[in-house]
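Trainee: See protein.cif below, with mmCIF, C-alpha atoms.
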data_run
#
loop_
_atom_site.label_atom_id
_atom_site.label_comp_id
_atom_site.auth_asym_id
_atom_site.auth_seq_id
_atom_site.Cartn_x
_atom_site.Cartn_y
_atom_site.Cartn_z
CA MET U 26 219.73 -78.83 188.60
CA LYS U 27 219.40 -82.55 188.11
CA ILE U 28 216.43 -83.57 186.01
CA PHE U 29 214.60 -86.84 186.36
CA VAL U 30 211.79 -87.98 184.12
CA GLY U 31 208.61 -86.88 185.82
CA LEU U 32 205.47 -88.78 186.56
CA LEU U 33 203.19 -89.45 183.64
CA LEU U 34 199.86 -89.03 185.34
CA SER U 35 197.40 -89.54 182.52
CA VAL U 36 197.52 -91.38 179.23
CA PHE U 37 196.23 -89.34 176.30
CA LEU U 38 198.16 -90.20 173.17
CA LEU U 39 198.64 -87.64 170.43
CA ALA U 40 197.47 -89.26 167.23
CA ALA U 41 199.06 -86.35 165.33
CA CYS U 42 202.47 -87.60 166.37
CA SER U 43 203.02 -91.31 165.88
CA GLU U 44 206.04 -91.36 168.20
CA GLN U 45 203.71 -90.81 171.14
CA LEU U 46 202.82 -94.49 170.95
CA ASN U 47 206.27 -95.24 172.34
CA ILE U 48 205.75 -93.32 175.58
CA SER U 49 205.45 -95.48 178.68
CA PRO U 50 204.70 -94.10 182.15
CA TYR U 51 207.42 -94.48 184.73
CA SER U 52 204.80 -94.56 187.46
CA ALA U 53 201.08 -94.04 187.57
CA VAL U 54 199.24 -91.85 190.03
CA ALA U 55 195.59 -90.94 189.82
CA PRO U 56 195.34 -87.24 188.86
CA GLU U 57 192.79 -86.58 191.59
CA SER U 58 195.35 -87.70 194.18
CA ILE U 59 197.95 -85.10 193.20
CA THR U 60 198.80 -82.38 195.69
CA GLU U 61 201.02 -79.33 195.38
CA ASN U 62 203.89 -81.36 196.86
CA ASP U 63 203.82 -83.71 193.86
CA LEU U 64 204.12 -80.97 191.26
CA SER U 65 207.89 -80.57 191.52
CA ALA U 66 208.39 -84.08 190.09
CA LEU U 67 206.19 -83.15 187.16
CA GLU U 68 208.14 -79.92 186.73
CA ARG U 69 211.47 -81.75 186.54
CA GLY U 70 210.10 -84.15 183.96
CA MET U 71 208.79 -81.23 181.91
CA TYR U 72 212.20 -79.49 181.85
CA HIS U 73 213.77 -82.77 180.76
CA SER U 74 211.27 -83.32 177.97
CA VAL U 75 211.40 -79.82 176.47
CA GLN U 76 215.19 -79.78 176.66
CA ASN U 77 215.80 -83.21 175.15
CA ASP U 78 212.86 -84.54 173.12
CA PRO U 79 213.25 -82.34 169.99
CA GLY U 80 216.84 -83.60 169.59
CA ARG U 81 220.17 -81.84 169.42
CA SER U 82 219.71 -80.60 165.83
CA PHE U 83 216.64 -78.66 166.99
CA TRP U 84 218.78 -76.07 168.78
CA VAL U 85 220.81 -75.17 165.67
CA LEU U 86 218.40 -76.10 162.86
CA PHE U 87 217.96 -72.48 161.81
CA ASP U 88 221.76 -72.15 161.61
CA LEU U 89 221.88 -75.23 159.41
CA LEU U 90 219.08 -73.91 157.20
CA GLY U 91 220.33 -70.32 157.36
CA GLY U 92 223.71 -70.94 155.76
CA ASN U 93 225.74 -70.52 158.94
CA LEU U 94 226.84 -74.15 159.08
CA THR U 95 228.06 -76.64 156.51
CA GLY U 96 228.85 -80.32 156.35
CA SER U 97 231.92 -81.99 154.94
CA SER U 98 231.30 -80.54 151.46
CA GLY U 99 231.78 -77.00 152.74
CA ASN U 100 228.70 -75.90 150.78
CA PRO U 101 225.77 -74.71 152.98
CA SER U 102 223.31 -75.46 150.17
CA ASP U 103 224.00 -79.18 150.51
CA ILE U 104 222.75 -79.15 154.10
CA ILE U 105 219.82 -76.85 153.30
CA ASN U 106 218.58 -78.99 150.41
CA GLY U 107 219.03 -82.15 152.43
CA ILE U 108 216.96 -80.86 155.34
CA LEU U 109 214.13 -79.40 153.24
CA ASN U 110 212.84 -82.86 152.40
CA PRO U 111 209.76 -84.57 153.92
CA LEU U 112 211.86 -87.67 154.58
CA ASN U 113 214.68 -85.86 156.38
CA SER U 114 215.30 -87.26 159.85
CA ASP U 115 215.97 -83.86 161.45
CA VAL U 116 212.61 -82.58 160.21
CA GLY U 117 210.84 -85.66 161.56
CA ASN U 118 212.70 -85.63 164.86
CA ASN U 119 211.96 -81.94 165.43
CA TRP U 120 208.25 -82.42 164.76
CA ASN U 121 207.91 -85.60 166.83
CA GLY U 122 210.05 -84.26 169.65
CA LEU U 123 208.12 -81.01 169.95
CA TYR U 124 204.78 -82.83 170.09
CA ARG U 125 206.22 -85.36 172.55
CA ALA U 126 207.27 -82.46 174.79
CA LEU U 127 203.84 -80.90 174.30
CA TYR U 128 202.28 -84.12 175.57
CA GLN U 129 204.17 -83.74 178.85
CA VAL U 130 203.43 -80.02 179.11
CA ASN U 131 199.70 -80.46 178.49
CA ASN U 132 199.61 -83.12 181.21
CA VAL U 133 201.17 -80.70 183.66
CA ILE U 134 198.75 -77.90 182.75
CA SER U 135 195.76 -80.22 183.12
CA ILE U 136 196.89 -81.60 186.46
CA SER U 137 198.08 -78.33 187.99
CA THR U 138 194.81 -76.61 187.08
CA ASP U 139 193.01 -78.82 189.61
CA VAL U 140 195.55 -78.25 192.40
CA PRO U 141 194.69 -75.45 194.88
CA THR U 142 196.56 -72.22 194.24
CA GLY U 143 199.92 -71.91 195.98
CA ASN U 144 203.44 -70.75 195.20
CA THR U 145 204.59 -74.12 193.85
CA ARG U 146 201.42 -74.65 191.84
CA ASN U 147 201.69 -71.18 190.28
CA ARG U 148 205.35 -71.66 189.41
CA VAL U 149 204.80 -75.07 187.83
CA LYS U 150 201.69 -74.04 185.92
CA GLY U 151 203.37 -70.82 184.77
CA THR U 152 206.41 -72.77 183.60
CA ALA U 153 204.14 -75.14 181.67
CA HIS U 154 202.41 -72.26 179.87
CA TYR U 155 205.82 -70.78 179.03
CA PHE U 156 207.04 -74.09 177.64
CA ARG U 157 203.87 -74.56 175.61
CA ALA U 158 204.37 -71.09 174.12
CA PHE U 159 207.99 -71.95 173.33
CA ILE U 160 206.97 -75.22 171.69
CA TYR U 161 204.36 -73.52 169.54
CA TYR U 162 206.73 -70.70 168.59
CA SER U 163 209.12 -73.42 167.41
CA LEU U 164 206.33 -75.15 165.48
CA VAL U 165 204.86 -72.10 163.77
CA THR U 166 208.23 -70.74 162.68
CA ARG U 167 209.08 -74.10 161.13
CA TRP U 168 205.79 -75.27 159.62
CA GLY U 169 203.33 -72.36 159.69
CA ASP U 170 199.85 -73.88 160.14
CA VAL U 171 200.01 -76.61 162.82
CA PRO U 172 197.49 -78.37 165.07
CA VAL U 173 196.79 -76.34 168.22
CA LEU U 174 196.23 -78.78 171.08
CA ARG U 175 195.05 -77.27 174.34
CA SER U 176 194.84 -80.78 175.72
CA ASN U 177 196.03 -84.18 174.60
CA THR U 178 193.68 -86.07 172.32
CA LEU U 179 193.15 -89.31 170.40
CA GLU U 180 191.60 -87.45 167.47
CA LEU U 181 193.23 -87.26 164.06
CA VAL U 182 193.70 -83.51 164.17
CA THR U 183 193.88 -80.94 161.39
CA ARG U 184 196.21 -77.96 161.00
CA ASP U 185 195.11 -74.61 162.41
CA PRO U 186 195.99 -71.31 160.68
CA ALA U 187 199.29 -69.74 161.70
CA SER U 188 197.42 -66.63 162.87
CA GLU U 189 195.60 -68.74 165.45
CA VAL U 190 198.86 -70.35 166.53
CA TRP U 191 200.45 -66.93 167.14
CA SER U 192 197.41 -65.85 169.18
CA PHE U 193 197.63 -69.05 171.22
CA ILE U 194 201.32 -68.39 171.94
CA GLU U 195 200.55 -64.88 173.18
CA GLU U 196 197.74 -66.20 175.36
CA ASP U 197 200.05 -68.74 176.99
CA LEU U 198 202.77 -66.15 177.59
CA GLU U 199 200.32 -63.77 179.20
CA LEU U 200 199.21 -66.57 181.55
CA ALA U 201 202.84 -67.46 182.26
CA GLY U 202 203.60 -63.84 183.10
CA GLN U 203 200.71 -63.72 185.55
CA LEU U 204 201.77 -66.90 187.35
CA LEU U 205 205.56 -66.62 187.40
CA GLY U 206 207.87 -64.45 189.46
CA ASP U 207 211.64 -64.25 189.72
CA ALA U 208 213.60 -67.50 189.49
CA GLU U 209 216.44 -68.61 191.76
CA SER U 210 218.77 -68.71 188.74
CA TYR U 211 218.61 -68.25 184.98
CA TYR U 212 218.41 -72.04 184.61
CA TYR U 213 214.77 -71.82 185.66
CA VAL U 214 211.85 -70.24 183.84
CA SER U 215 210.83 -66.84 185.21
CA LYS U 216 208.45 -63.99 184.51
CA ASP U 217 211.32 -62.29 182.68
CA ALA U 218 211.77 -65.35 180.46
CA ALA U 219 208.12 -65.00 179.44
CA THR U 220 208.69 -61.30 178.69
CA ALA U 221 211.74 -62.10 176.55
CA LEU U 222 209.89 -64.73 174.55
CA MET U 223 206.96 -62.36 174.10
CA ALA U 224 209.31 -59.76 172.61
CA ARG U 225 210.52 -62.39 170.12
CA VAL U 226 206.94 -63.44 169.33
CA LYS U 227 205.82 -59.87 168.70
CA LEU U 228 208.80 -59.30 166.39
CA GLY U 229 207.97 -62.46 164.47
CA GLN U 230 204.49 -61.10 163.77
CA GLY U 231 205.70 -57.64 162.81
CA LYS U 232 204.09 -56.06 165.90
CA MET U 233 206.97 -53.66 166.21
CA ASP U 234 205.74 -51.24 168.87
CA GLU U 235 204.86 -54.09 171.21
CA ALA U 236 208.10 -55.94 170.48
CA ALA U 237 210.11 -52.86 171.42
CA THR U 238 208.07 -52.35 174.59
CA TYR U 239 208.70 -55.89 175.85
CA ALA U 240 212.39 -55.79 174.95
CA GLU U 241 212.89 -52.41 176.62
CA LYS U 242 211.19 -53.67 179.76
CA LEU U 243 214.09 -56.07 180.25
CA ILE U 244 216.83 -53.73 179.02
CA THR U 245 215.81 -51.02 181.49
CA SER U 246 214.83 -53.30 184.41
CA GLY U 247 218.23 -53.05 186.10
CA LYS U 248 218.34 -56.86 186.48
CA TYR U 249 220.46 -57.58 183.41
CA GLN U 250 223.44 -56.12 181.62
CA LEU U 251 225.46 -56.98 178.54
CA ASP U 252 228.37 -59.19 179.53
CA ALA U 253 231.56 -60.73 178.17
CA PHE U 254 231.21 -63.62 175.76
CA GLU U 255 233.60 -65.79 177.74
CA LYS U 256 231.25 -65.55 180.71
CA ILE U 257 228.14 -66.33 178.68
CA PHE U 258 229.62 -69.32 176.85
CA ARG U 259 232.03 -70.67 179.44
CA LYS U 260 229.40 -71.24 182.13
CA GLN U 261 230.54 -68.34 184.29
CA PHE U 262 228.02 -66.31 186.26
CA ASN U 263 226.90 -63.40 184.10
CA GLY U 264 224.30 -60.67 183.93
CA GLU U 265 223.12 -61.35 180.40
CA ILE U 266 221.34 -64.70 180.32
CA ILE U 267 217.61 -64.49 180.97
CA PHE U 268 216.84 -68.19 180.58
CA ALA U 269 218.94 -71.19 179.57
CA PHE U 270 218.76 -74.95 179.94
CA GLU U 271 221.65 -76.04 182.14
CA ASN U 272 221.88 -79.21 180.01
CA LEU U 273 223.87 -81.26 182.51
CA THR U 274 225.67 -84.29 181.14
CA GLU U 275 223.82 -86.75 183.38
CA GLU U 276 220.42 -85.56 182.14
CA SER U 277 221.03 -84.65 178.53
CA GLY U 278 221.39 -86.14 175.08
CA ASN U 279 222.04 -82.69 173.62
CA ASN U 280 225.80 -83.04 173.16
CA LEU U 281 226.00 -80.13 170.75
CA SER U 282 229.65 -79.59 171.53
CA SER U 283 230.67 -82.96 170.11
CA GLN U 284 229.32 -81.90 166.72
CA PHE U 285 231.49 -78.80 166.31
CA TYR U 286 235.09 -79.57 167.26
CA THR U 287 237.52 -81.65 165.22
CA TYR U 288 239.16 -84.69 166.76
CA ALA U 289 242.36 -82.65 166.96
CA HIS U 290 240.83 -80.36 169.59
CA PRO U 291 241.86 -81.26 173.18
CA ASN U 292 238.19 -82.01 173.97
CA ARG U 293 237.69 -83.78 170.64
CA GLY U 294 234.62 -83.83 168.46
CA GLY U 295 233.10 -85.32 165.34
CA TYR U 296 233.23 -82.12 163.23
CA PHE U 297 229.83 -82.78 161.67
CA TRP U 298 228.85 -79.09 161.57
CA ARG U 299 231.38 -76.48 160.49
CA PRO U 300 231.08 -72.71 160.16
CA ALA U 301 230.67 -71.56 156.57
CA MET U 302 233.65 -69.54 155.32
CA GLU U 303 231.34 -66.53 155.04
CA VAL U 304 230.75 -66.86 158.78
CA VAL U 305 234.44 -67.28 159.58
CA GLU U 306 235.23 -64.11 157.67
CA MET U 307 232.40 -61.95 159.02
CA PHE U 308 234.09 -61.09 162.32
CA GLU U 309 236.24 -57.96 162.37
CA ASP U 310 239.55 -58.07 164.23
CA GLU U 311 238.30 -55.82 167.03
CA ASP U 312 235.10 -57.82 167.57
CA ASN U 313 235.46 -59.32 171.05
CA ARG U 314 232.99 -62.09 170.17
CA ALA U 315 235.27 -63.57 167.53
CA ASP U 316 237.43 -65.99 169.51
CA ILE U 317 234.53 -67.42 171.51
CA SER U 318 232.44 -67.79 168.36
CA ILE U 319 235.03 -69.35 166.03
CA THR U 320 238.32 -71.11 166.71
CA GLU U 321 240.90 -72.71 164.44
CA VAL U 322 242.06 -76.22 165.28
CA ALA U 323 244.89 -77.72 163.22
CA GLY U 324 243.90 -75.69 160.20
CA SER U 325 240.14 -76.28 160.51
CA TYR U 326 237.64 -73.69 161.69
CA CYS U 327 235.18 -74.71 164.42
CA VAL U 328 232.24 -73.14 166.22
CA ASN U 329 233.56 -72.43 169.72
CA LYS U 330 230.46 -71.55 171.72
CA TYR U 331 230.01 -75.11 173.04
CA PRO U 332 233.45 -75.94 174.46
CA SER U 333 233.03 -79.36 176.08
CA GLY U 334 233.47 -81.39 172.90
CA GLN U 335 233.15 -85.08 173.69
CA THR U 336 233.92 -84.50 177.37
CA GLY U 337 230.41 -83.37 178.31
CA THR U 338 227.60 -80.95 177.57
CA ASP U 339 227.13 -77.19 177.67
CA PRO U 340 224.20 -74.92 178.55
CA ILE U 341 221.72 -74.04 175.82
CA ASN U 342 220.75 -70.38 175.86
CA VAL U 343 217.11 -69.62 175.13
CA SER U 344 216.98 -65.87 175.84
CA ARG U 345 219.65 -63.32 176.68
CA LEU U 346 219.86 -59.55 176.84
CA ALA U 347 221.76 -58.98 173.58
CA GLU U 348 218.76 -60.36 171.68
CA MET U 349 216.58 -57.79 173.44
CA TYR U 350 218.88 -54.99 172.25
CA LEU U 351 218.56 -56.28 168.69
CA ILE U 352 214.79 -56.70 168.93
CA SER U 353 214.41 -53.19 170.31
CA ALA U 354 216.67 -51.72 167.62
CA GLU U 355 214.85 -53.46 164.77
CA ALA U 356 211.38 -52.81 166.15
CA LYS U 357 212.00 -49.08 166.74
CA GLY U 358 213.37 -48.57 163.24
CA ARG U 359 216.38 -46.63 162.02
CA ALA U 360 215.47 -43.26 163.53
CA ASN U 361 214.83 -44.53 167.04
CA GLY U 362 216.57 -47.90 167.14
CA LEU U 363 220.05 -47.11 165.84
CA ALA U 364 221.24 -46.08 169.30
CA ARG U 365 220.44 -49.54 170.70
CA LEU U 366 222.24 -51.24 167.81
CA ASN U 367 225.33 -49.10 168.29
CA GLU U 368 225.23 -49.59 172.05
CA LEU U 369 225.52 -53.34 171.50
CA ARG U 370 228.18 -52.93 168.81
CA ASN U 371 230.27 -50.65 171.01
CA PHE U 372 230.11 -53.12 173.88
CA ARG U 373 231.34 -55.85 171.52
CA GLY U 374 234.30 -53.65 170.52
CA LEU U 375 232.93 -52.35 167.21
CA PRO U 376 232.48 -48.73 166.09
CA SER U 377 229.12 -47.06 165.66
CA ILE U 378 227.55 -47.14 162.20
CA SER U 379 225.15 -44.81 160.39
CA PRO U 380 223.06 -46.65 157.77
CA ALA U 381 221.94 -44.30 155.01
CA ASN U 382 218.43 -45.71 154.68
CA ASP U 383 216.00 -48.21 156.16
CA GLU U 384 217.11 -51.03 153.87
CA GLU U 385 220.72 -50.61 154.99
CA PHE U 386 219.54 -50.49 158.60
CA ILE U 387 217.78 -53.88 158.34
CA THR U 388 220.88 -55.28 156.65
CA ALA U 389 222.96 -54.01 159.57
CA ILE U 390 220.52 -55.55 162.08
CA LEU U 391 220.62 -58.93 160.34
CA ASP U 392 224.41 -58.85 160.12
CA GLU U 393 224.66 -58.06 163.82
CA ARG U 394 222.18 -60.80 164.71
CA ARG U 395 224.25 -63.25 162.68
CA LYS U 396 227.42 -62.35 164.59
CA GLU U 397 225.79 -62.17 168.00
CA LEU U 398 223.53 -65.22 167.77
CA LEU U 399 225.64 -67.62 165.72
CA ALA U 400 224.83 -71.28 166.52
CA GLU U 401 221.95 -70.25 168.79
CA GLY U 402 219.17 -71.02 166.31
CA PHE U 403 218.03 -67.78 164.63
CA ARG U 404 219.43 -67.18 161.14
CA TYR U 405 216.96 -69.01 158.84
CA TYR U 406 213.86 -67.51 160.40
CA ASP U 407 215.50 -64.08 160.53
CA LEU U 408 215.82 -64.24 156.75
CA VAL U 409 212.33 -65.69 156.27
CA ARG U 410 210.54 -63.08 158.38
CA THR U 411 212.40 -60.21 156.67
CA ASP U 412 211.69 -61.60 153.17
CA ARG U 413 215.37 -62.14 152.42
CA ALA U 414 215.57 -65.93 152.42
CA ALA U 415 215.10 -66.30 148.67
CA GLN U 416 217.87 -63.82 147.92
CA GLU U 417 220.34 -64.83 150.64
CA LEU U 418 219.83 -68.60 150.55
CA ASN U 419 218.61 -69.15 146.98
CA LEU U 420 215.40 -70.71 148.29
CA PHE U 421 212.18 -71.25 146.42
CA ASP U 422 209.09 -69.62 147.96
CA HIS U 423 207.79 -72.92 149.33
CA GLN U 424 211.08 -73.46 151.18
CA HIS U 425 210.25 -70.61 153.54
CA LEU U 426 208.47 -73.32 155.51
CA LEU U 427 209.67 -76.81 156.35
CA PRO U 428 207.93 -79.86 154.90
CA ILE U 429 205.47 -81.73 157.09
CA PRO U 430 207.27 -85.04 157.83
CA GLY U 431 206.22 -87.74 155.40
CA ARG U 432 205.53 -90.24 158.16
CA GLU U 433 203.08 -87.86 159.82
CA LEU U 434 201.18 -87.43 156.55
CA LEU U 435 200.85 -91.21 156.30
CA GLN U 436 199.80 -91.61 159.93
CA ASN U 437 197.24 -88.80 159.84
CA PRO U 438 195.42 -88.20 156.54
CA ASN U 439 193.85 -85.05 158.03
CA LEU U 440 197.22 -83.31 157.87
CA GLU U 441 197.94 -81.60 154.58
CA PRO U 442 201.48 -81.13 153.24
CA ASN U 443 202.96 -77.68 152.90
CA PRO U 444 202.60 -76.57 149.25
CA GLY U 445 205.58 -77.31 147.04
CA TYR U 446 206.71 -80.46 148.86
#
Would you give me this structure, written as structure tokens?
Mentor:
Amino acid sequence: MKIFVGLLLSVFLLAACSEQLNISPYSAVAPESITENDLSALERGMYHSVQNDPGRSFWVLFDLLGGNLTGSSGNPSDIINGILNPLNSDVGNNWNGLYRALYQVNNVISISTDVPTGNTRNRVKGTAHYFRAFIYYSLVTRWGDVPVLRSNTLELVTRDPASEVWSFIEEDLELAGQLLGDAESYYYVSKDAATALMARVKLGQGKMDEAATYAEKLITSGKYQLDAFEKIFRKQFNGEIIFAFENLTEESGNNLSSQFYTYAHPNRGGYFWRPAMEVVEMFEDEDNRADISITEVAGSYCVNKYPSGQTGTDPINVSRLAEMYLISAEAKGRANGLARLNELRNFRGLPSISPANDEEFITAILDERRKELLAEGFRYYDLVRTDRAAQELNLFDHQHLLPIPGRELLQNPNLEPNPGY
């Protein structure tokens, strides 16, 4: 789908994010004049903003921080230590981009609330609540306590407790689930996308029974099935993706693919992010994910999930069925979840395993998530939420959260820095 920047229909600037001062409306329409027919333009602008505003590093930041990717030094710690700095540009761009996207989403929620109920209105409003939940999941897993903004404001806001942020996310996903139905393709937000994100949100809070219930709802729905990696990551129709951004070249600045390949690859690339050797070596010979995950180009190893290189862009997966298998397995625990883990492993060409205890089971889950979800933005938070980040990444306790960007602390004295930074 082609995305065009939508109408900015009201001007409420977020003082918590200084970059909002750079937003200029493309056209102005009085909110009271909006009808259901106008909402599709807003919807397209919202997709564009959530997809692009946080920047390309946003989509793999947890791989960069989780030791999956390295820079030219080949040492993951160099990237990790560089990012965990209040002055780091990726940290600032993620924060500013998420709040810039939130500005658009809150506009859509405010405007659509006053439009009479109809199919288009429900779809657009439901999509907006899903996106707001996604934005706040991204914020809370990066920074913990963050300002919860139900509407755009000029106030110098303070940070709300992470527990309130998690509750707000669940509230938005419940609303999204009530408003959304099936989508015409997995490049559009659907009720199932809200269910998948809810499963992830429940897992992040340790609400294991609920996480398993939401994940199983999708696994057993009959709508999805595990599929071949070449279909998932070579833009072939498949039964696994639940929601992804299509990320078309003409609409996107998220040229992830250009960051992974070397210039020697036929599609060329800048080779800024490379798989750590530990990642290269983690795939067993029989693992049918290996070649699509990692490739060797003229003696250099490259992430291979984003194949366009400098020739274009590739879809960005947000939710797919394999994650639901892993959520269900982890949430059910070793006694009841091992079958789901082995089902996924068997489909990927690997033999069943039998962990001897719960600690080994969690290790097996995290290893499988690392293989399955490489370069899809999970590893750092997986280690944080399972209390393994200090051991696996040699992090200090305060590095289990990102620093609040230094510029934001200067712009808004009501924001407090995360301890340790």
Trainee: Which of these residues is nearest to Ala208 in chain U, using all atoms listed in the file: U:Val149, U:Ala253, U:Leu174, U:Ala240?
Mentor: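 Closest candidate: U:Val149.
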Trainee: Written as a ChimeraX atom specification, which residues does the PyMOL selection byres ((chain U and resi 325) around 12) give for the file shown?
Mentor: /U:97,99,285-290,296,298-302,305,319-324,326-329
Trainee: If you apply the PyMOL selection byres ((chain U and resi 85) around 12) to this file, what residues do you get, as a ChimeraX atom specification?
Mentor: /U:79-84,86-95,115,119,163,279-282,284-285,298-300,328,330-331,341-343,398-406
Trainee: Extract, using all atoms listed in the file, all DNA, RNA and protein residues at most 6 Å from Ala236 in chain U, discarding same-chain residues fewer than 5 positions from it, and format them as a list in words.
Mentor: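 These residues fall inside the cut-off: Ala224, Lys227 and Leu228 of chain U.
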Trainee: From the options U:Gln129, U:Ser102, U:Ser377, U:Asn121, which residue's atoms come nearest to Asn419 in chain U, counting only C-alpha atoms?
Mentor: U:Ser102
Trainee: Set up a box along x, y and z of the file covering all listed atoms of range 348-361 of chain U, add 8 Å on every one of the six sides, and write the centre and edge lengths in Å to one decimal, as JSON.
Mentor:
{"center_x": 215.1, "center_y": -51.8, "center_z": 167.7, "size_x": 23.5, "size_y": 33.1, "size_z": 27.4}
Trainee: Under the rule that only C-alpha atoms are counted, which of U:Asp392, U:Glu271, U:Glu199, U:Glu255 is the nearest residue to Pro332 in chain U?
Mentor: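 Smallest distance to Pro332 in chain U is found for U:Glu255.
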Trainee: Just the number, please: distance in Å from CA of Pro430 in chain U to CA of Asn118 in chain U, one decimal.
Mentor: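 Calculated distance between CA of Pro430 in chain U and CA of Asn118 in chain U is 8.9 Å.
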Trainee: Fewer than 4 positions away in the same chain doesn't count, so skip those; otherwise give me all residues within 8 Å of range 107-114 of chain U, counting only C-alpha atoms, as a ChimeraX atom specification.
Mentor: /U:90,103,118,424,427-432,446
Trainee: So that I can check the surroundings of Asn62 in chain U, please list as a PyMOL selection string every protein, DNA and RNA residue that reaches within 10 Å of it, counting all atoms listed in the file and ignoring chain neighbours fewer than 2 positions away.
Mentor: chain U and resi 59-60+64-66+140+145-146
Trainee: What separation in Å, quoted to one decimal, exists between CA of Ala415 in chain U and CA of Tyr161 in chain U?
Mentor: 24.6 Å
Trainee: I'd like the interatomic distance between CA of Ile390 in chain U and CA of Ala354 in chain U, to a tenth of an Å.
Mentor: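 Atom-to-atom, CA of Ile390 in chain U to CA of Ala354 in chain U, that is 7.8 Å.
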Trainee: When you count all atoms listed in the file, which of these residues is closest to Asn132 in chain U: U:Asn443, U:Asn77, U:Asn100, U:Met71?
Mentor: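 Closest to Asn132 in chain U, using all atoms listed in the file: U:Met71.
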Trainee: Add whatever atoms are absent from range 108-113 of chain U to reach all heavy atoms, and provide the output as a PDB file, in the frame of the given file.
Mentor:
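In the end it all went to selection.pdb:
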ATOM      1  N   ILE U 108     217.932 -80.990 154.252  1.00  0.00           N
ATOM      2  CA  ILE U 108     216.960 -80.860 155.340  1.00  0.00           C
ATOM      3  C   ILE U 108     215.560 -80.593 154.805  1.00  0.00           C
ATOM      4  O   ILE U 108     214.564 -81.125 155.341  1.00  0.00           O
ATOM      5  CB  ILE U 108     217.395 -79.753 156.314  1.00  0.00           C
ATOM      6  CG1 ILE U 108     218.653 -80.175 157.075  1.00  0.00           C
ATOM      7  CG2 ILE U 108     216.268 -79.423 157.311  1.00  0.00           C
ATOM      8  CD1 ILE U 108     219.235 -79.083 157.958  1.00  0.00           C
ATOM      9  N   LEU U 109     215.451 -79.785 153.756  1.00  0.00           N
ATOM     10  CA  LEU U 109     214.130 -79.400 153.240  1.00  0.00           C
ATOM     11  C   LEU U 109     213.556 -80.518 152.381  1.00  0.00           C
ATOM     12  O   LEU U 109     213.308 -80.376 151.186  1.00  0.00           O
ATOM     13  CB  LEU U 109     214.237 -78.086 152.475  1.00  0.00           C
ATOM     14  CG  LEU U 109     214.613 -76.876 153.343  1.00  0.00           C
ATOM     15  CD1 LEU U 109     214.784 -75.625 152.497  1.00  0.00           C
ATOM     16  CD2 LEU U 109     213.566 -76.646 154.429  1.00  0.00           C
ATOM     17  N   ASN U 110     213.315 -81.634 153.038  1.00  0.00           N
ATOM     18  CA  ASN U 110     212.840 -82.860 152.400  1.00  0.00           C
ATOM     19  C   ASN U 110     211.898 -83.554 153.386  1.00  0.00           C
ATOM     20  O   ASN U 110     212.266 -83.722 154.557  1.00  0.00           O
ATOM     21  CB  ASN U 110     214.041 -83.752 152.067  1.00  0.00           C
ATOM     22  CG  ASN U 110     213.668 -85.043 151.388  1.00  0.00           C
ATOM     23  OD1 ASN U 110     212.657 -85.670 151.688  1.00  0.00           O
ATOM     24  ND2 ASN U 110     214.500 -85.476 150.450  1.00  0.00           N
ATOM     25  N   PRO U 111     210.700 -83.936 152.978  1.00  0.00           N
ATOM     26  CA  PRO U 111     209.760 -84.570 153.920  1.00  0.00           C
ATOM     27  C   PRO U 111     210.294 -85.821 154.600  1.00  0.00           C
ATOM     28  O   PRO U 111     209.780 -86.213 155.649  1.00  0.00           O
ATOM     29  CB  PRO U 111     208.553 -84.907 153.029  1.00  0.00           C
ATOM     30  CG  PRO U 111     208.648 -83.973 151.874  1.00  0.00           C
ATOM     31  CD  PRO U 111     210.120 -83.769 151.636  1.00  0.00           C
ATOM     32  N   LEU U 112     211.308 -86.447 154.014  1.00  0.00           N
ATOM     33  CA  LEU U 112     211.860 -87.670 154.580  1.00  0.00           C
ATOM     34  C   LEU U 112     213.090 -87.424 155.441  1.00  0.00           C
ATOM     35  O   LEU U 112     213.664 -88.370 155.978  1.00  0.00           O
ATOM     36  CB  LEU U 112     212.201 -88.661 153.463  1.00  0.00           C
ATOM     37  CG  LEU U 112     211.035 -89.073 152.553  1.00  0.00           C
ATOM     38  CD1 LEU U 112     211.504 -90.073 151.511  1.00  0.00           C
ATOM     39  CD2 LEU U 112     209.880 -89.637 153.367  1.00  0.00           C
ATOM     40  N   ASN U 113     213.493 -86.162 155.595  1.00  0.00           N
ATOM     41  CA  ASN U 113     214.680 -85.860 156.380  1.00  0.00           C
ATOM     42  C   ASN U 113     214.474 -86.182 157.848  1.00  0.00           C
ATOM     43  O   ASN U 113     213.436 -85.841 158.433  1.00  0.00           O
ATOM     44  CB  ASN U 113     215.041 -84.375 156.204  1.00  0.00           C
ATOM     45  CG  ASN U 113     216.262 -83.983 157.004  1.00  0.00           C
ATOM     46  OD1 ASN U 113     216.140 -83.493 158.123  1.00  0.00           O
ATOM     47  ND2 ASN U 113     217.442 -84.206 156.443  1.00  0.00           N
TER      48      ASN U 113
END
